[in-house]
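Asks: So that you have it, the file is run_2.txt, and it contains compact mmCIF, C-alpha atoms:
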```
# COMPACT_ATOMS: atom_id res chain seq x y z
CA MET A 895 148.88 169.69 80.23
CA THR A 896 150.73 166.83 78.58
CA GLU A 897 149.17 163.94 76.74
CA LYS A 898 150.56 160.49 75.99
CA THR A 899 150.73 159.98 72.24
CA GLU A 900 150.67 156.19 72.61
CA PRO A 901 147.56 155.11 74.51
CA TYR A 902 147.47 152.52 77.22
CA GLU A 903 145.33 149.55 76.48
CA VAL A 904 143.58 149.91 79.84
CA VAL A 905 143.47 152.64 82.45
CA VAL A 906 142.25 151.60 85.89
CA VAL A 907 141.01 154.50 88.02
CA GLY A 908 141.33 153.54 91.67
CA GLY A 909 144.10 151.60 93.38
CA GLY A 910 142.18 149.61 95.98
CA ALA A 911 141.43 145.90 95.99
CA ALA A 912 139.26 146.01 92.87
CA GLY A 913 141.62 148.18 90.85
CA LEU A 914 144.77 146.28 91.77
CA SER A 915 143.08 142.95 91.08
CA ALA A 916 141.98 144.08 87.62
CA ALA A 917 145.46 145.43 86.95
CA LEU A 918 147.08 142.18 88.07
CA VAL A 919 145.02 140.15 85.60
CA LEU A 920 145.67 142.62 82.79
CA GLY A 921 149.39 142.82 83.54
CA ARG A 922 149.70 139.05 83.48
CA ALA A 923 147.86 139.12 80.14
CA ARG A 924 150.59 141.46 78.84
CA ARG A 925 148.26 144.43 78.49
CA ARG A 926 149.80 147.89 78.81
CA THR A 927 147.98 149.08 81.89
CA LEU A 928 148.01 152.17 84.07
CA VAL A 929 146.53 152.44 87.57
CA VAL A 930 145.61 155.94 88.73
CA ASP A 931 145.47 155.95 92.52
CA ALA A 932 144.31 158.96 94.54
CA GLY A 933 145.31 157.20 97.77
CA GLU A 934 141.91 157.39 99.51
CA PRO A 935 140.94 153.79 100.38
CA ARG A 936 137.62 153.44 102.17
CA ASN A 937 139.01 151.07 104.81
CA ALA A 938 142.01 153.26 105.74
CA PRO A 939 140.70 153.92 109.31
CA ALA A 940 140.66 150.17 110.08
CA ALA A 941 143.71 148.54 111.65
CA HIS A 942 142.87 145.14 110.16
CA MET A 943 140.64 143.57 107.54
CA GLN A 944 138.82 140.32 108.16
CA GLY A 945 136.96 137.65 106.22
CA TYR A 946 139.40 137.45 103.29
CA LEU A 947 140.62 133.86 103.14
CA SER A 948 144.42 133.73 103.66
CA ARG A 949 144.48 137.49 104.37
CA ASP A 950 142.36 137.52 107.55
CA GLY A 951 143.80 140.06 110.00
CA MET A 952 146.11 141.75 107.51
CA SER A 953 146.22 145.54 107.71
CA PRO A 954 144.70 147.38 104.73
CA ALA A 955 147.96 149.28 104.23
CA GLU A 956 149.98 146.07 104.01
CA PHE A 957 147.43 144.52 101.64
CA LEU A 958 147.72 147.47 99.26
CA ALA A 959 151.51 147.51 99.47
CA VAL A 960 151.68 143.83 98.52
CA GLY A 961 149.24 144.42 95.67
CA ARG A 962 151.25 147.32 94.27
CA ALA A 963 154.42 145.24 94.35
CA GLU A 964 152.68 142.38 92.56
CA ILE A 965 151.34 144.48 89.67
CA ALA A 966 154.75 146.09 89.22
CA GLU A 967 156.20 142.61 88.56
CA TYR A 968 154.08 142.48 85.39
CA GLY A 969 154.93 145.94 84.11
CA VAL A 970 151.76 147.68 85.25
CA GLU A 971 152.37 151.36 85.89
CA LEU A 972 150.92 153.17 88.89
CA VAL A 973 150.64 156.93 89.27
CA ARG A 974 149.60 158.72 92.46
CA ASP A 975 147.09 161.20 91.13
CA GLU A 976 143.38 161.84 90.88
CA ALA A 977 141.34 161.39 87.72
CA VAL A 978 139.23 164.53 87.46
CA GLY A 979 137.80 164.24 83.97
CA VAL A 980 137.19 161.85 81.12
CA ARG A 981 136.02 162.19 77.54
CA GLU A 982 135.17 159.58 74.97
CA GLY A 983 136.30 159.55 71.38
CA ALA A 984 138.20 156.92 69.41
CA ASP A 985 139.43 155.96 72.86
CA PHE A 986 139.09 157.35 76.41
CA ALA A 987 141.05 160.43 77.47
CA VAL A 988 141.44 160.65 81.23
CA THR A 989 142.54 163.96 82.70
CA LEU A 990 144.52 163.86 85.94
CA ALA A 991 144.63 166.54 88.63
CA GLY A 992 148.37 166.91 88.08
CA GLY A 993 147.77 168.12 84.52
CA ARG A 994 148.53 164.93 82.59
CA THR A 995 146.06 163.33 80.19
CA VAL A 996 146.29 159.61 79.48
CA ARG A 997 144.47 157.63 76.81
CA ALA A 998 143.13 154.09 76.88
CA ARG A 999 141.10 151.68 74.80
CA ARG A 1000 139.24 150.46 77.88
CA LEU A 1001 138.49 152.02 81.24
CA VAL A 1002 137.94 150.40 84.65
CA VAL A 1003 136.43 152.64 87.34
CA THR A 1004 137.11 151.45 90.89
CA THR A 1005 136.82 154.77 92.70
CA GLY A 1006 134.76 153.30 95.56
CA LEU A 1007 132.67 155.41 97.87
CA LYS A 1008 133.03 157.82 100.75
CA ASP A 1009 131.51 157.20 104.19
CA GLU A 1010 129.82 160.27 105.66
CA LEU A 1011 129.63 159.69 109.39
CA PRO A 1012 126.85 160.90 111.69
CA ASP A 1013 127.59 164.38 113.05
CA VAL A 1014 127.89 163.21 116.65
CA PRO A 1015 130.95 164.56 118.50
CA GLY A 1016 133.60 161.90 118.89
CA VAL A 1017 132.31 159.51 116.24
CA ALA A 1018 134.75 160.50 113.49
CA GLU A 1019 137.72 160.49 115.86
CA ARG A 1020 137.05 156.92 117.01
CA PHE A 1021 135.82 155.47 113.72
CA GLY A 1022 137.58 152.21 112.91
CA ARG A 1023 138.60 151.69 116.56
CA ASP A 1024 135.62 151.28 118.87
CA VAL A 1025 133.15 153.10 116.65
CA LEU A 1026 132.44 150.61 113.88
CA HIS A 1027 130.01 150.03 111.03
CA CYS A 1028 130.32 146.41 109.83
CA PRO A 1029 129.87 143.40 112.12
CA TYR A 1030 131.33 141.07 109.51
CA CYS A 1031 134.49 143.21 109.50
CA HIS A 1032 134.82 143.74 113.25
CA GLY A 1033 132.20 141.72 115.13
CA TRP A 1034 134.49 138.87 116.18
CA GLU A 1035 137.10 141.24 117.59
CA VAL A 1036 134.57 143.01 119.86
CA ARG A 1037 132.33 140.03 120.61
CA ASP A 1038 130.45 139.87 123.92
CA ARG A 1039 131.11 143.48 124.83
CA PRO A 1040 128.32 145.98 125.57
CA PHE A 1041 127.27 147.29 122.15
CA GLY A 1042 125.54 150.52 121.30
CA VAL A 1043 123.95 151.10 117.88
CA LEU A 1044 123.19 154.56 116.56
CA ALA A 1045 119.99 154.28 114.52
CA GLY A 1046 120.18 155.52 110.96
CA ALA A 1047 117.38 156.98 108.90
CA ALA A 1048 117.24 153.95 106.59
CA MET A 1049 116.20 150.67 108.24
CA PRO A 1050 116.83 151.96 111.80
CA ALA A 1051 116.51 148.54 113.48
CA HIS A 1052 118.50 146.48 110.98
CA GLN A 1053 122.01 147.08 112.27
CA ALA A 1054 121.02 146.46 115.90
CA LEU A 1055 119.46 143.14 114.91
CA MET A 1056 122.55 142.15 112.93
CA VAL A 1057 125.07 142.89 115.68
CA SER A 1058 123.03 140.93 118.23
CA GLN A 1059 124.72 137.88 116.68
CA TRP A 1060 127.97 138.99 118.35
CA SER A 1061 126.70 140.27 121.71
CA GLN A 1062 123.74 139.66 123.97
CA ASP A 1063 124.07 143.17 125.40
CA VAL A 1064 122.88 145.54 122.67
CA THR A 1065 121.27 148.96 123.05
CA LEU A 1066 119.70 150.76 120.09
CA PHE A 1067 119.90 154.53 120.44
CA LEU A 1068 117.17 156.05 118.28
CA HIS A 1069 119.00 159.41 118.19
CA ARG A 1070 116.96 161.46 115.69
CA VAL A 1071 114.71 158.63 114.54
CA PRO A 1072 111.16 158.90 115.94
CA GLU A 1073 109.96 155.81 117.76
CA ALA A 1074 107.07 155.69 115.30
CA GLU A 1075 109.57 154.85 112.55
CA LEU A 1076 110.03 151.38 114.06
CA SER A 1077 107.50 148.97 112.57
CA ASP A 1078 105.65 146.38 114.62
CA GLN A 1079 107.89 143.72 113.08
CA ASP A 1080 110.98 145.75 114.05
CA LEU A 1081 109.78 145.93 117.64
CA ARG A 1082 109.01 142.23 117.79
CA ARG A 1083 112.39 141.29 116.38
CA LEU A 1084 114.24 143.68 118.68
CA ALA A 1085 112.45 142.19 121.67
CA ALA A 1086 113.22 138.65 120.50
CA ALA A 1087 116.91 139.57 120.13
CA GLY A 1088 117.00 141.18 123.58
CA VAL A 1089 117.89 144.61 122.17
CA LYS A 1090 117.09 147.54 124.45
CA VAL A 1091 115.64 150.60 122.68
CA VAL A 1092 116.53 154.05 124.03
CA PRO A 1093 114.84 157.16 122.59
CA GLY A 1094 116.45 160.57 122.64
CA GLU A 1095 119.17 162.36 120.73
CA VAL A 1096 122.79 161.32 121.23
CA ALA A 1097 124.94 164.31 122.15
CA GLY A 1098 128.36 162.67 122.27
CA LEU A 1099 130.58 159.86 123.50
CA ALA A 1100 132.19 159.22 126.86
CA VAL A 1101 135.87 158.29 126.58
CA ALA A 1102 138.40 157.39 129.26
CA ASP A 1103 142.03 156.31 128.77
CA ASP A 1104 141.49 156.45 125.01
CA ARG A 1105 138.64 153.93 125.19
CA LEU A 1106 134.94 154.36 124.56
CA THR A 1107 133.10 153.98 127.85
CA GLY A 1108 129.63 155.27 127.11
CA VAL A 1109 127.09 157.05 124.95
CA ARG A 1110 125.84 160.40 126.28
CA LEU A 1111 122.34 161.64 125.49
CA ALA A 1112 121.22 165.23 125.15
CA ASP A 1113 119.32 164.95 128.45
CA GLY A 1114 122.63 164.35 130.24
CA THR A 1115 122.26 160.63 130.89
CA THR A 1116 125.09 158.32 129.90
CA HIS A 1117 124.73 154.66 128.99
CA ALA A 1118 127.81 152.54 129.56
CA ARG A 1119 128.94 151.01 126.25
CA SER A 1120 132.35 149.91 125.00
CA VAL A 1121 131.50 149.63 121.30
CA LEU A 1122 129.26 151.79 119.12
CA PHE A 1123 128.03 150.72 115.70
CA VAL A 1124 126.99 153.46 113.30
CA ALA A 1125 125.59 153.48 109.78
CA PRO A 1126 127.54 155.97 107.66
CA ARG A 1127 125.85 157.58 104.69
CA ALA A 1128 127.42 156.08 101.59
CA VAL A 1129 128.38 158.56 98.88
CA PRO A 1130 129.36 156.69 95.69
CA ARG A 1131 132.19 158.27 93.72
CA THR A 1132 130.50 158.09 90.34
CA GLY A 1133 131.66 161.40 88.86
CA LEU A 1134 133.65 159.88 85.98
CA LEU A 1135 130.85 157.48 85.13
CA GLU A 1136 128.33 160.31 85.10
CA GLN A 1137 130.58 162.33 82.78
CA LEU A 1138 130.44 159.41 80.34
CA GLY A 1139 126.66 159.11 80.62
CA ALA A 1140 126.59 155.74 82.38
CA GLU A 1141 123.15 154.66 83.52
CA LEU A 1142 122.78 154.67 87.31
CA THR A 1143 120.23 152.95 89.50
CA GLU A 1144 118.97 154.29 92.82
CA THR A 1145 119.37 152.14 95.94
CA PRO A 1146 118.82 152.85 99.65
CA PHE A 1147 122.58 153.43 99.81
CA GLY A 1148 123.04 155.78 96.87
CA ALA A 1149 123.04 155.63 93.08
CA TYR A 1150 125.31 153.02 91.47
CA PRO A 1151 126.03 152.15 87.83
CA VAL A 1152 124.02 149.50 86.07
CA VAL A 1153 126.50 146.68 85.39
CA ASP A 1154 126.44 143.13 84.07
CA ALA A 1155 128.06 140.13 85.78
CA SER A 1156 131.54 141.22 84.65
CA GLY A 1157 131.11 144.83 85.80
CA ARG A 1158 130.48 146.19 82.30
CA THR A 1159 128.54 149.47 82.47
CA THR A 1160 126.08 150.82 79.90
CA VAL A 1161 128.96 152.78 78.32
CA PRO A 1162 130.79 150.55 75.83
CA GLY A 1163 134.37 149.96 76.93
CA VAL A 1164 133.81 151.01 80.56
CA TRP A 1165 133.70 148.70 83.59
CA ALA A 1166 133.05 149.38 87.27
CA ALA A 1167 134.10 147.20 90.21
CA GLY A 1168 134.28 147.25 93.99
CA ASN A 1169 132.30 149.88 95.87
CA ALA A 1170 132.08 151.90 92.66
CA ALA A 1171 129.61 149.22 91.53
CA GLY A 1172 127.73 148.60 94.78
CA PHE A 1173 127.52 149.39 98.47
CA GLY A 1174 128.02 145.89 99.90
CA GLU A 1175 131.32 144.95 98.28
CA GLN A 1176 133.81 143.82 100.93
CA VAL A 1177 137.53 143.61 100.09
CA VAL A 1178 137.27 140.00 98.94
CA ASN A 1179 134.27 140.82 96.74
CA ALA A 1180 136.02 143.85 95.32
CA ALA A 1181 139.09 141.80 94.41
CA SER A 1182 136.86 139.23 92.73
CA GLY A 1183 135.00 141.92 90.80
CA GLY A 1184 138.26 143.42 89.60
CA TYR A 1185 139.46 140.01 88.47
CA ARG A 1186 136.29 139.42 86.44
CA ALA A 1187 136.52 142.85 84.84
CA GLY A 1188 140.18 142.39 83.92
CA ALA A 1189 139.65 138.95 82.41
CA THR A 1190 136.62 140.10 80.44
CA ILE A 1191 138.44 143.14 79.09
CA ASN A 1192 141.43 141.09 77.99
CA GLY A 1193 139.20 138.66 76.12
CA GLU A 1194 137.30 141.47 74.45
CA LEU A 1195 140.50 143.22 73.35
CA LEU A 1196 141.90 139.96 72.00
CA MET A 1197 138.84 139.20 69.87
CA SER A 1198 138.56 142.80 68.71
CA ASP A 1199 142.18 142.82 67.51
CA LEU A 1200 141.77 139.45 65.77
CA ASP A 1201 138.65 140.66 63.99
CA ALA A 1202 140.46 143.82 62.93
CA THR A 1203 143.27 141.70 61.53
CA LEU A 1204 140.81 139.57 59.59
CA GLY A 1205 139.17 142.69 58.17
CA ALA A 1206 142.44 144.33 57.18
```
So that I can check it, write out the structure of this file as structure tokens.
Replies:
Amino acid sequence: MTEKTEPYEVVVVGGGAAGLSAALVLGRARRRTLVVDAGEPRNAPAAHMQGYLSRDGMSPAEFLAVGRAEIAEYGVELVRDEAVGVREGADFAVTLAGGRTVRARRLVVTTGLKDELPDVPGVAERFGRDVLHCPYCHGWEVRDRPFGVLAGAAMPAHQALMVSQWSQDVTLFLHRVPEAELSDQDLRRLAAAGVKVVPGEVAGLAVADDRLTGVRLADGTTHARSVLFVAPRAVPRTGLLEQLGAELTETPFGAYPVVDASGRTTVPGVWAAGNAAGFGEQVVNAASGGYRAGATINGELLMSDLDATLGA
């Protein structure tokens, strides 16, 4: 293992929208910054990203490539590696999988989350194409088609109600959710939205010519559908934050760090942004969160250095 003798001012762990945005602000503020990127963006399966003003329809890969080029213009370093450990002392020592240890005065964690898909044959293979999870990300592109929704354990009716905004032909497949799990209010809302409810376990998908054509139940029946919405189980990547003792809060979508408006965690000198800070952060939100974290960190470092000068 090798260790940098001169620490970075900031190490950003995660090279997605939040991490690159934080690094861009810090680079422009002339802070010596390193981005550690494991190359596992959550939205990699998607061909396009939507809802980001001026970037609507851009591919996630292109977005990241542009971001990497921009931070390089300001001297920000980027290393393709995974941060596997961190310890706190006079500064933060971040251990990388490749054997290198880097040090920093401040740490930004933007490691995101992992989507664990339902174990239905065919779902993983078609995820991001015609098996989708977010109507705000993909609803417009598949509007007015026959939708299927695979009920999840948490809020089983919610996703079906949401996607009914984009199609009047929606079928909710209860899969492994008992009908009794639907509340009276759920049933009333589903009826008002025109959503058909189908009990029974889903056994797989019907595909023809590389297109989803239906949802197949365990009893052998197939329901013609051209789009299937699923609710992946979100697994926050909070390992580094837990190593540092950051306080986490439980949500229906996993445990996330307690943060203030700038993304500051309960560990002094450590920020979290993007999906590392919350389940519902879209790309545009993640970029905004990274910007706030970067600006706040720069201001804090500036005042800290000035106070140290005054006390010298």
Asks: Counting only C-alpha atoms, figure out which residue out of A:Ala911, A:Ala984, A:Val1017, A:Val905 gets nearest to Val970 of chain A.
Replies: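 Smallest separation from Val970 of chain A among the options: A:Val905.
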Asks: Can you list, as number ranges by chain, every protein, DNA or RNA residue that comes within 10 Å of Asn937 of chain A when you count all atoms listed in the file, leaving out same-chain residues fewer than 2 positions away?
Replies: A: 910, 934-935, 939-943, 953-955, 1008-1009, 1022, 1176-1177
Asks: Atom CA of Thr1160 of chain A and atom CA of Leu1200 of chain A are how many Å apart?
Replies: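 Distance between the two atoms: 24.0 Å.
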Asks: Would you list the contacts of Thr927 of chain A as a PyMOL selection string, taking every protein, DNA or RNA residue within 10 Å and counting all atoms listed in the file, but skipping same-chain residues closer than 3 positions in sequence?
Replies: chain A and resi 901-906+916-918+920-921+924+930+965+968-972+998+1000-1001
Asks: Excluding same-chain residues fewer than 3 positions from Leu990 of chain A, what lies within 12 Å of it counting all atoms listed in the file, as an MDAnalysis selection string?
Replies: chainID A and resid 895:897 905 907 929:932 973:980 987 993:997 1134
Asks: For Val1124 of chain A, work out the shell of residues within 9 Å, counting only C-alpha atoms and skipping chain neighbours fewer than 3 positions away, then give it as a PyMOL selection string.
Replies: chain A and resi 1011-1012+1017+1025-1028+1042-1046+1053
Asks: Can you list, as number ranges by chain, every protein, DNA or RNA residue that comes within 12 Å of Leu1196 of chain A when you count all atoms listed in the file, leaving out same-chain residues fewer than 5 positions away?
Replies: A: 903, 920, 923-925, 1189-1191, 1201-1203
Asks: Report, as AutoDock Vina command-line options, the centre and edge lengths in Å (one decimal) of the axis-aligned box enclosing every listed atom of segment 913-922 of chain A, padded by 3 Å on each side.
Replies:
```
--center_x 145.7 --center_y 143.6 --center_z 87.3 --size_x 14.1 --size_y 15.1 --size_z 15.0
```
Asks: Name the closest residue to Leu914 of chain A among the candidates A:Ala1086, A:Ala991, A:Leu1138, A:Val1002; distances are taken between atoms, counting all atoms listed in the file.
Replies: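 Residue with the minimum atom-to-atom distance to Leu914 of chain A: A:Val1002.
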Asks: Which residue out of A:Pro1151, A:Asp1113, A:Gly1163, A:Pro1093 has the minimum interatomic distance to Asn1192 of chain A when only C-alpha atoms are used?
Replies: A:Gly1163
Asks: Calculated over only C-alpha atoms, which of the candidates A:Leu1204, A:Thr1143, A:Arg999, A:Thr1116 has the smallest distance to Glu982 of chain A?
Replies: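 Smallest distance to Glu982 of chain A is found for A:Arg999.
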Asks: Have a look at atom CA of Ala1051 of chain A and atom CA of Leu1122 of chain A and let me know their distance in Å, one decimal.
Replies: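 Atom CA of Leu1122 of chain A lies at a distance of 14.3 Å from atom CA of Ala1051 of chain A.
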Asks: Which distance in Å separates atom CA of Gly1114 of chain A and atom CA of Leu1076 of chain A, to one decimal?
Replies: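 About the pair atom CA of Gly1114 of chain A and atom CA of Leu1076 of chain A: they are 24.3 Å apart.
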Asks: So which one's closest to Ala1047 of chain A, A:Glu1194, A:Glu1144, A:His1117, A:Val1071? Using all atoms listed in the file, please.
Replies: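 Checking each candidate against Ala1047 of chain A, we get A:Val1071 as the closest.
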Asks: Which residue is closest to Ala1048 of chain A? Choose from A:Arg1110, A:Arg1127, A:Arg1020, A:Arg936 and count all atoms listed in the file.
Replies: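 The shortest atom-to-atom distance to Ala1048 of chain A comes from A:Arg1127.
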